[in-house]
Every structure is written in C-alpha cells, then in structure tokens.
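Structure file protein_36.txt (compact mmCIF, C-alpha atoms) follows.
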```txt
# COMPACT_ATOMS: atom_id res chain seq x y z
CA MET A 865 -32.70 -4.76 3.26
CA ALA A 866 -29.80 -2.81 4.64
CA ARG A 867 -27.23 -0.74 2.84
CA VAL A 868 -23.54 -0.40 3.67
CA VAL A 869 -21.37 2.17 1.91
CA VAL A 870 -17.64 1.81 1.28
CA ASP A 871 -15.83 5.02 0.33
CA VAL A 872 -12.40 4.64 -1.24
CA MET A 873 -10.10 7.65 -1.73
CA PRO A 874 -6.50 8.03 -2.92
CA LYS A 875 -4.19 8.54 0.09
CA PRO A 876 -3.28 12.23 0.65
CA GLU A 877 0.34 11.67 -0.44
CA ILE A 878 -0.73 10.00 -3.72
CA LEU A 879 -1.14 12.12 -6.85
CA ASP A 880 -4.72 12.28 -8.11
CA PRO A 881 -4.76 13.23 -11.81
CA GLN A 882 -8.57 12.89 -12.09
CA GLY A 883 -9.11 15.29 -9.19
CA LYS A 884 -6.55 17.69 -10.65
CA ALA A 885 -8.35 17.59 -14.02
CA VAL A 886 -11.64 18.52 -12.34
CA LEU A 887 -9.92 21.30 -10.36
CA GLY A 888 -8.40 22.69 -13.56
CA ALA A 889 -11.76 22.68 -15.35
CA LEU A 890 -13.63 24.59 -12.62
CA PRO A 891 -12.34 28.15 -13.31
CA ARG A 892 -12.79 27.64 -17.05
CA LEU A 893 -16.48 26.97 -16.35
CA GLY A 894 -16.80 30.03 -14.12
CA PHE A 895 -16.61 28.29 -10.74
CA ASP A 896 -14.06 29.85 -8.38
CA LEU A 897 -14.92 28.82 -4.80
CA VAL A 898 -13.35 25.34 -4.76
CA THR A 899 -9.63 25.17 -3.89
CA ASP A 900 -8.95 21.42 -4.15
CA VAL A 901 -10.61 18.29 -5.49
CA ARG A 902 -9.87 14.63 -4.81
CA GLN A 903 -11.68 11.90 -6.74
CA GLY A 904 -12.36 8.44 -5.35
CA LYS A 905 -14.91 5.66 -5.50
CA ARG A 906 -18.16 4.94 -3.69
CA PHE A 907 -19.63 1.45 -3.40
CA GLU A 908 -23.22 0.84 -2.23
CA LEU A 909 -23.54 -2.74 -0.93
CA GLN A 910 -26.89 -4.38 -0.24
CA VAL A 911 -27.13 -6.91 2.57
CA ASP A 912 -30.12 -9.15 3.35
CA GLY A 913 -31.22 -8.90 6.95
CA GLU A 914 -29.69 -6.89 9.73
CA ILE A 915 -26.28 -5.22 9.87
CA THR A 916 -24.49 -7.18 12.58
CA ASP A 917 -20.87 -6.91 13.69
CA GLU A 918 -20.21 -10.04 11.62
CA VAL A 919 -21.58 -8.34 8.48
CA LEU A 920 -19.49 -5.22 9.09
CA ALA A 921 -16.37 -7.31 9.68
CA GLU A 922 -16.92 -9.13 6.39
CA ILE A 923 -17.45 -5.85 4.52
CA GLU A 924 -14.28 -4.37 6.08
CA LYS A 925 -12.46 -7.41 4.68
CA VAL A 926 -14.13 -6.92 1.27
CA ALA A 927 -13.12 -3.23 1.29
CA GLU A 928 -9.53 -4.13 2.15
CA THR A 929 -9.04 -6.96 -0.33
CA LEU A 930 -11.32 -6.23 -3.29
CA LEU A 931 -12.54 -2.63 -3.29
CA SER A 932 -9.35 -0.77 -2.42
CA ASN A 933 -5.61 -1.01 -2.90
CA PRO A 934 -4.29 -0.35 0.62
CA VAL A 935 -0.91 0.79 -0.72
CA ILE A 936 -2.37 3.85 -2.41
CA GLU A 937 -5.95 4.16 -1.09
CA ASP A 938 -7.79 4.73 2.19
CA PHE A 939 -11.27 3.35 2.76
CA GLU A 940 -14.16 3.92 5.13
CA VAL A 941 -17.13 1.64 5.85
CA HIS A 942 -20.42 3.04 7.14
CA VAL A 943 -24.10 2.17 7.26
CA GLU A 944 -26.34 4.56 5.33
CA ASP A 945 -30.11 4.76 5.44
CA ARG A 946 -30.64 6.24 2.01
CA SER A 947 -28.98 5.70 -1.35
CA VAL A 948 -27.84 8.61 -3.54
CA ALA A 949 -30.77 7.74 -5.85
CA GLU A 950 -33.27 8.19 -2.99
CA VAL A 951 -31.73 11.51 -1.93
CA ALA A 952 -31.73 12.78 -5.53
CA HIS A 953 -35.35 11.66 -5.93
CA GLU A 954 -36.40 13.54 -2.78
CA ALA A 955 -34.57 16.65 -4.03
CA GLY A 956 -36.73 16.47 -7.15
CA ARG A 957 -33.90 15.66 -9.55
CA MET B 710 -11.01 24.91 5.54
CA ALA B 711 -14.29 23.18 4.90
CA ARG B 712 -14.98 20.02 2.98
CA VAL B 713 -17.96 19.30 0.75
CA VAL B 714 -18.55 15.81 -0.63
CA VAL B 715 -20.32 15.04 -3.90
CA ASP B 716 -21.42 11.42 -4.34
CA VAL B 717 -22.32 10.32 -7.87
CA MET B 718 -24.03 6.97 -8.52
CA PRO B 719 -25.46 5.34 -11.67
CA LYS B 720 -29.27 5.68 -11.69
CA PRO B 721 -31.06 2.52 -10.48
CA GLU B 722 -32.37 1.74 -13.98
CA ILE B 723 -28.89 1.99 -15.53
CA LEU B 724 -26.72 -1.13 -15.86
CA ASP B 725 -23.60 -1.02 -13.73
CA PRO B 726 -21.00 -3.45 -15.12
CA GLN B 727 -18.35 -2.44 -12.56
CA GLY B 728 -20.71 -3.15 -9.66
CA LYS B 729 -21.73 -6.47 -11.25
CA ALA B 730 -18.05 -7.44 -11.63
CA VAL B 731 -17.46 -6.80 -7.92
CA LEU B 732 -20.63 -8.74 -7.02
CA GLY B 733 -19.46 -11.69 -9.15
CA ALA B 734 -16.04 -11.71 -7.52
CA LEU B 735 -17.34 -11.80 -3.92
CA PRO B 736 -18.41 -15.49 -3.70
CA ARG B 737 -15.20 -16.57 -5.43
CA LEU B 738 -13.28 -14.86 -2.61
CA GLY B 739 -15.41 -16.52 0.07
CA PHE B 740 -17.70 -13.56 0.84
CA ASP B 741 -21.40 -14.45 0.78
CA LEU B 742 -23.35 -11.81 2.75
CA VAL B 743 -23.60 -9.09 0.08
CA THR B 744 -26.52 -9.38 -2.35
CA ASP B 745 -25.94 -6.37 -4.62
CA VAL B 746 -23.20 -3.84 -5.40
CA ARG B 747 -23.38 -0.50 -7.20
CA GLN B 748 -20.21 1.43 -7.98
CA GLY B 749 -20.06 5.20 -8.28
CA LYS B 750 -17.76 8.13 -7.65
CA ARG B 751 -16.95 10.25 -4.61
CA PHE B 752 -15.49 13.75 -4.89
CA GLU B 753 -14.01 15.58 -1.88
CA LEU B 754 -14.01 19.34 -2.54
CA GLN B 755 -12.08 21.81 -0.39
CA VAL B 756 -13.50 25.28 0.09
CA ASP B 757 -11.73 28.22 1.75
CA GLY B 758 -13.81 29.82 4.48
CA GLU B 759 -17.29 28.93 5.56
CA ILE B 760 -19.88 26.80 3.81
CA THR B 761 -22.60 29.29 2.95
CA ASP B 762 -25.75 28.76 0.90
CA GLU B 763 -23.91 30.45 -1.98
CA VAL B 764 -21.08 27.90 -1.78
CA LEU B 765 -23.51 24.98 -1.69
CA ALA B 766 -25.45 26.39 -4.64
CA GLU B 767 -22.23 26.66 -6.66
CA ILE B 768 -21.21 23.10 -5.76
CA GLU B 769 -24.67 21.78 -6.73
CA LYS B 770 -24.10 23.43 -10.11
CA VAL B 771 -20.59 21.89 -10.35
CA ALA B 772 -22.04 18.46 -9.49
CA GLU B 773 -24.72 18.82 -12.14
CA THR B 774 -22.55 20.12 -14.97
CA LEU B 775 -19.06 18.70 -14.43
CA LEU B 776 -19.10 15.82 -11.93
CA SER B 777 -22.15 13.88 -13.09
CA ASN B 778 -24.06 13.05 -16.24
CA PRO B 779 -27.68 13.73 -15.20
CA VAL B 780 -29.01 11.39 -17.92
CA ILE B 781 -27.50 8.30 -16.33
CA GLU B 782 -26.34 9.39 -12.85
CA ASP B 783 -27.77 10.73 -9.59
CA PHE B 784 -25.74 12.93 -7.29
CA GLU B 785 -25.85 14.11 -3.69
CA VAL B 786 -24.03 17.05 -2.09
CA HIS B 787 -23.26 17.10 1.63
CA VAL B 788 -20.87 18.72 4.08
CA GLU B 789 -18.55 16.28 5.84
CA ASP B 790 -16.33 16.97 8.83
CA ARG B 791 -13.74 14.30 8.16
CA SER B 792 -12.13 12.96 5.00
CA VAL B 793 -11.83 9.22 4.33
CA ALA B 794 -8.09 9.61 5.01
CA GLU B 795 -8.79 11.01 8.50
CA VAL B 796 -11.25 8.23 9.32
CA ALA B 797 -8.83 5.56 8.07
CA HIS B 798 -6.03 7.14 10.11
CA GLU B 799 -8.16 7.10 13.28
CA ALA B 800 -9.03 3.44 12.62
CA GLY B 801 -5.30 2.73 12.63
CA ARG B 802 -5.07 1.79 8.97
```
As structure tokens, the full file:
Amino acid sequence: MARVVVDVMPKPEILDPQGKAVLGALPRLGFDLVTDVRQGKRFELQVDGEITDEVLAEIEKVAETLLSNPVIEDFEVHVEDRSVAEVAHEAGR
Amino acid sequence: MARVVVDVMPKPEILDPQGKAVLGALPRLGFDLVTDVRQGKRFELQVDGEITDEVLAEIEKVAETLLSNPVIEDFEVHVEDRSVAEVAHEAGR
C-alpha cells in the first residue's frame, strides 16, 4: 500500500489566527527562538497498488476540490514512504 | 531565515472523524482510488538564523507541549527548504 500526503496551508496573504495564537503562546511558555508560525492541514491518503501518474492526477484533483479552498489556501501533493506515526514510533515516542 | 515543519497526526488507534468524512465524500465526487484518509495538522515555523541542534531541541519541546496532545497524537519535526506556498507557486497555482 502506498501513501500520498496532501499539505494544505493558508496563502501567505491570508491572516492565520490559529498560527498567531500559537506564536503568541510561545514566549509565555519560555520558547523564544521561533519568529513566525503558520498552521495548516495535513492529509495522509492510502492508495491500493502503485502510485501512477493517473493516481497522482486524481489526488491533485481531490486536493483542489475537496481538501483545500483554492481562494485562500495553497496545497502540495507528494508521495511519502513513512507516516508520522511510523516516524514517531522509530523515535521512541 | 530557516523553516521547520511540525506534522501532527492522530495516533493510528484513535478514531479520526474528519478523515472518515473526507473518505466518505470521495466516491460521491467520483474519486475511487483512495482507500483511507487521515487528517492532521501541519505547522510551518520560521526561525531566525541557522537550524542548530539547540533550535531543533526547542522545537521538539514546542511540538510536544503546545502543538500536539501526546495522548492521542503523534508528531514529527523536520527541516524543509520550501513552504507549501512556494511549491504551489512553482506549480503555477
């Protein structure tokens, strides 16, 4: 089984109140190295079989019509070997 | 300026109603290649200067305490050259 990731982020010119809330909380918690935060969404999609150009074209269409609002959000589609869960597991978390 | 990305996903054993809603909508929209969807969050953090081990250690701490709930979510920290906005721009979107 293959995994395709769609990342969706608010466009740079769009306000991002969630990101601003995180940024505001950081110094209160003693963290002072981060200068900006933007918050978006990550979708992990499972596909049976191989990732062909046809599969990627369909997922681009899914990202454009269902997973993002192209007026206010940018998206990116990429194939990823490991899920966040697998990476976290390997890191012993 | 450097960019560090924190991906946060619901743990595999945790129900994910948002992901299930997307999965349910796909066949209704004529998409039939995706067999599972999980929805999580993506944070793009800006850092002034270089990404040192100290910076990454602080961001791991931020991810653990502020950006994720370790009881129900896994997270992953990684350095990324380009933002989703830059990738989308290069793709002509």
Could the residues of chain B that have an atom at most 8 Å from chain A be listed as JSON lines, each with its closest atom pair and the distance in Å to one decimal, counting all atoms listed in the file and ordered by chain and ascending residue number?
```
{"residue": "B:Asp716", "atom": "CA", "partner": "A:Val948", "partner_atom": "CA", "distance": 7.1}
{"residue": "B:Val717", "atom": "CA", "partner": "A:Val948", "partner_atom": "CA", "distance": 7.2}
{"residue": "B:Met718", "atom": "CA", "partner": "A:Val948", "partner_atom": "CA", "distance": 6.5}
{"residue": "B:Lys720", "atom": "CA", "partner": "A:Ala949", "partner_atom": "CA", "distance": 6.4}
{"residue": "B:Pro721", "atom": "CA", "partner": "A:Ala949", "partner_atom": "CA", "distance": 7.0}
{"residue": "B:Gly728", "atom": "CA", "partner": "A:Phe907", "partner_atom": "CA", "distance": 7.8}
{"residue": "B:Val731", "atom": "CA", "partner": "A:Leu930", "partner_atom": "CA", "distance": 7.7}
{"residue": "B:Leu735", "atom": "CA", "partner": "A:Val926", "partner_atom": "CA", "distance": 7.8}
{"residue": "B:Phe740", "atom": "CA", "partner": "A:Glu922", "partner_atom": "CA", "distance": 7.1}
{"residue": "B:Leu742", "atom": "CA", "partner": "A:Val911", "partner_atom": "CA", "distance": 6.2}
{"residue": "B:Val743", "atom": "CA", "partner": "A:Val911", "partner_atom": "CA", "distance": 4.8}
{"residue": "B:Thr744", "atom": "CA", "partner": "A:Gln910", "partner_atom": "CA", "distance": 5.4}
{"residue": "B:Asp745", "atom": "CA", "partner": "A:Gln910", "partner_atom": "CA", "distance": 4.9}
{"residue": "B:Val746", "atom": "CA", "partner": "A:Leu909", "partner_atom": "CA", "distance": 4.6}
{"residue": "B:Arg747", "atom": "CA", "partner": "A:Glu908", "partner_atom": "CA", "distance": 5.1}
{"residue": "B:Gln748", "atom": "CA", "partner": "A:Phe907", "partner_atom": "CA", "distance": 4.6}
{"residue": "B:Gly749", "atom": "CA", "partner": "A:Arg906", "partner_atom": "CA", "distance": 5.0}
{"residue": "B:Lys750", "atom": "CA", "partner": "A:Lys905", "partner_atom": "CA", "distance": 4.3}
{"residue": "B:Arg751", "atom": "CA", "partner": "A:Gly904", "partner_atom": "CA", "distance": 5.0}
{"residue": "B:Phe752", "atom": "CA", "partner": "A:Gln903", "partner_atom": "CA", "distance": 4.6}
{"residue": "B:Glu753", "atom": "CA", "partner": "A:Arg902", "partner_atom": "CA", "distance": 5.2}
{"residue": "B:Leu754", "atom": "CA", "partner": "A:Val901", "partner_atom": "CA", "distance": 4.6}
{"residue": "B:Gln755", "atom": "CA", "partner": "A:Asp900", "partner_atom": "CA", "distance": 4.9}
{"residue": "B:Val756", "atom": "CA", "partner": "A:Val898", "partner_atom": "CA", "distance": 4.9}
{"residue": "B:Asp757", "atom": "CA", "partner": "A:Thr899", "partner_atom": "CA", "distance": 6.7}
{"residue": "B:Val764", "atom": "CA", "partner": "A:Leu897", "partner_atom": "CA", "distance": 6.9}
{"residue": "B:Glu767", "atom": "CA", "partner": "A:Phe895", "partner_atom": "CA", "distance": 7.1}
{"residue": "B:Val771", "atom": "CA", "partner": "A:Phe895", "partner_atom": "CA", "distance": 7.5}
{"residue": "B:Leu775", "atom": "CA", "partner": "A:Val886", "partner_atom": "CA", "distance": 7.7}
{"residue": "B:Leu776", "atom": "CA", "partner": "A:Val886", "partner_atom": "CA", "distance": 7.9}
{"residue": "B:Asp783", "atom": "CA", "partner": "A:Ala949", "partner_atom": "CA", "distance": 5.7}
{"residue": "B:Phe784", "atom": "CA", "partner": "A:Val948", "partner_atom": "CA", "distance": 6.1}
{"residue": "B:Glu785", "atom": "CA", "partner": "A:Val948", "partner_atom": "CA", "distance": 5.9}
{"residue": "B:Val793", "atom": "CA", "partner": "A:Glu940", "partner_atom": "CA", "distance": 5.8}
{"residue": "B:Ala794", "atom": "CA", "partner": "A:Asp938", "partner_atom": "CA", "distance": 5.6}
{"residue": "B:Val796", "atom": "CA", "partner": "A:Glu940", "partner_atom": "CA", "distance": 6.7}
{"residue": "B:Ala797", "atom": "CA", "partner": "A:Asp938", "partner_atom": "CA", "distance": 6.0}
{"residue": "B:Arg802", "atom": "CA", "partner": "A:Asp938", "partner_atom": "CA", "distance": 7.9}
```
re atom CA of B:Pro726 and atom CA of A:Ser932: distance 17.4 Å
_Just the number, please: distance in Å from atom CA of A:Arg892 to atom CA of B:Ala772, one decimal._
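If I compute the distance from atom CA of A:Arg892 to atom CA of B:Ala772, I get 15.1 Å.
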Students should find that atom CA of A:Thr916 and atom CA of B:Pro736 are spaced 19.3 Å
Neighbour residues at most 7 Å from (1.7, 3.7, -4.0) (only C-alpha atoms) as a list in words: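 Selection result: Ile878, Val935 and Ile936 of chain A.
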Stretch 744-751 of chain B, all listed atoms, 6 Å padding on each side: what axis-aligned box centre and edge lengths in Å to one decimal come out, as AutoDock Vina command-line options?
```
--center_x -21.7 --center_y 0.4 --center_z -5.3 --size_x 21.6 --size_y 31.6 --size_z 17.9
```
As a short mmCIF file (atom, residue, chain, number, x, y, z; two decimals), in the coordinates of the input, please: stretch 731-742 of chain B completed to all heavy atoms.
```
data_model
loop_
_atom_site.label_atom_id
_atom_site.label_comp_id
_atom_site.auth_asym_id
_atom_site.auth_seq_id
_atom_site.Cartn_x
_atom_site.Cartn_y
_atom_site.Cartn_z
N VAL B 731 -17.79 -6.65 -9.34
CA VAL B 731 -17.46 -6.80 -7.92
C VAL B 731 -18.35 -7.87 -7.29
O VAL B 731 -17.88 -8.77 -6.59
CB VAL B 731 -17.62 -5.46 -7.17
CG1 VAL B 731 -17.49 -5.68 -5.67
CG2 VAL B 731 -16.59 -4.45 -7.66
N LEU B 732 -19.67 -7.78 -7.58
CA LEU B 732 -20.63 -8.74 -7.02
C LEU B 732 -20.26 -10.17 -7.41
O LEU B 732 -20.34 -11.09 -6.60
CB LEU B 732 -22.04 -8.40 -7.52
CG LEU B 732 -23.19 -9.22 -6.95
CD1 LEU B 732 -23.36 -8.95 -5.47
CD2 LEU B 732 -24.50 -8.89 -7.68
N GLY B 733 -19.84 -10.36 -8.67
CA GLY B 733 -19.46 -11.69 -9.15
C GLY B 733 -18.20 -12.21 -8.49
O GLY B 733 -18.03 -13.43 -8.32
N ALA B 734 -17.31 -11.29 -8.12
CA ALA B 734 -16.04 -11.71 -7.52
C ALA B 734 -16.20 -12.12 -6.05
O ALA B 734 -15.41 -12.93 -5.54
CB ALA B 734 -15.02 -10.59 -7.63
N LEU B 735 -17.21 -11.57 -5.37
CA LEU B 735 -17.34 -11.80 -3.92
C LEU B 735 -17.41 -13.27 -3.53
O LEU B 735 -16.61 -13.72 -2.69
CB LEU B 735 -18.55 -11.03 -3.38
CG LEU B 735 -18.38 -9.51 -3.32
CD1 LEU B 735 -19.71 -8.83 -3.00
CD2 LEU B 735 -17.33 -9.12 -2.29
N PRO B 736 -18.34 -14.09 -4.12
CA PRO B 736 -18.41 -15.49 -3.70
C PRO B 736 -17.12 -16.26 -4.01
O PRO B 736 -16.73 -17.14 -3.25
CB PRO B 736 -19.61 -16.06 -4.47
CG PRO B 736 -19.96 -15.04 -5.49
CD PRO B 736 -19.41 -13.73 -5.05
N ARG B 737 -16.46 -15.89 -5.09
CA ARG B 737 -15.20 -16.57 -5.43
C ARG B 737 -14.13 -16.32 -4.37
O ARG B 737 -13.21 -17.10 -4.20
CB ARG B 737 -14.68 -16.08 -6.80
CG ARG B 737 -15.55 -16.49 -7.97
CD ARG B 737 -14.78 -16.42 -9.29
NE ARG B 737 -14.31 -15.08 -9.61
CZ ARG B 737 -15.00 -14.16 -10.27
NH1 ARG B 737 -16.22 -14.43 -10.68
NH2 ARG B 737 -14.48 -12.98 -10.53
N LEU B 738 -14.25 -15.18 -3.66
CA LEU B 738 -13.28 -14.86 -2.61
C LEU B 738 -13.76 -15.31 -1.23
O LEU B 738 -13.13 -15.01 -0.22
CB LEU B 738 -13.01 -13.35 -2.61
CG LEU B 738 -12.31 -12.82 -3.87
CD1 LEU B 738 -12.32 -11.30 -3.89
CD2 LEU B 738 -10.88 -13.34 -3.94
N GLY B 739 -14.92 -15.99 -1.20
CA GLY B 739 -15.41 -16.52 0.07
C GLY B 739 -16.33 -15.58 0.83
O GLY B 739 -16.65 -15.82 1.99
N PHE B 740 -16.77 -14.49 0.18
CA PHE B 740 -17.70 -13.56 0.84
C PHE B 740 -19.11 -13.84 0.34
O PHE B 740 -19.35 -13.85 -0.86
CB PHE B 740 -17.32 -12.10 0.52
CG PHE B 740 -15.92 -11.73 0.93
CD1 PHE B 740 -14.98 -11.35 0.00
CD2 PHE B 740 -15.55 -11.75 2.27
CE1 PHE B 740 -13.69 -11.00 0.37
CE2 PHE B 740 -14.27 -11.41 2.66
CZ PHE B 740 -13.33 -11.02 1.72
N ASP B 741 -20.07 -14.06 1.25
CA ASP B 741 -21.40 -14.45 0.78
C ASP B 741 -22.54 -13.68 1.42
O ASP B 741 -23.69 -14.07 1.33
CB ASP B 741 -21.60 -15.96 0.98
CG ASP B 741 -21.23 -16.39 2.38
OD1 ASP B 741 -21.09 -15.50 3.24
OD2 ASP B 741 -21.10 -17.60 2.62
N LEU B 742 -22.27 -12.56 2.08
CA LEU B 742 -23.35 -11.81 2.75
C LEU B 742 -23.91 -10.67 1.90
O LEU B 742 -25.00 -10.19 2.17
CB LEU B 742 -22.83 -11.26 4.09
CG LEU B 742 -22.43 -12.32 5.12
CD1 LEU B 742 -21.88 -11.67 6.38
CD2 LEU B 742 -23.62 -13.21 5.48
#
```
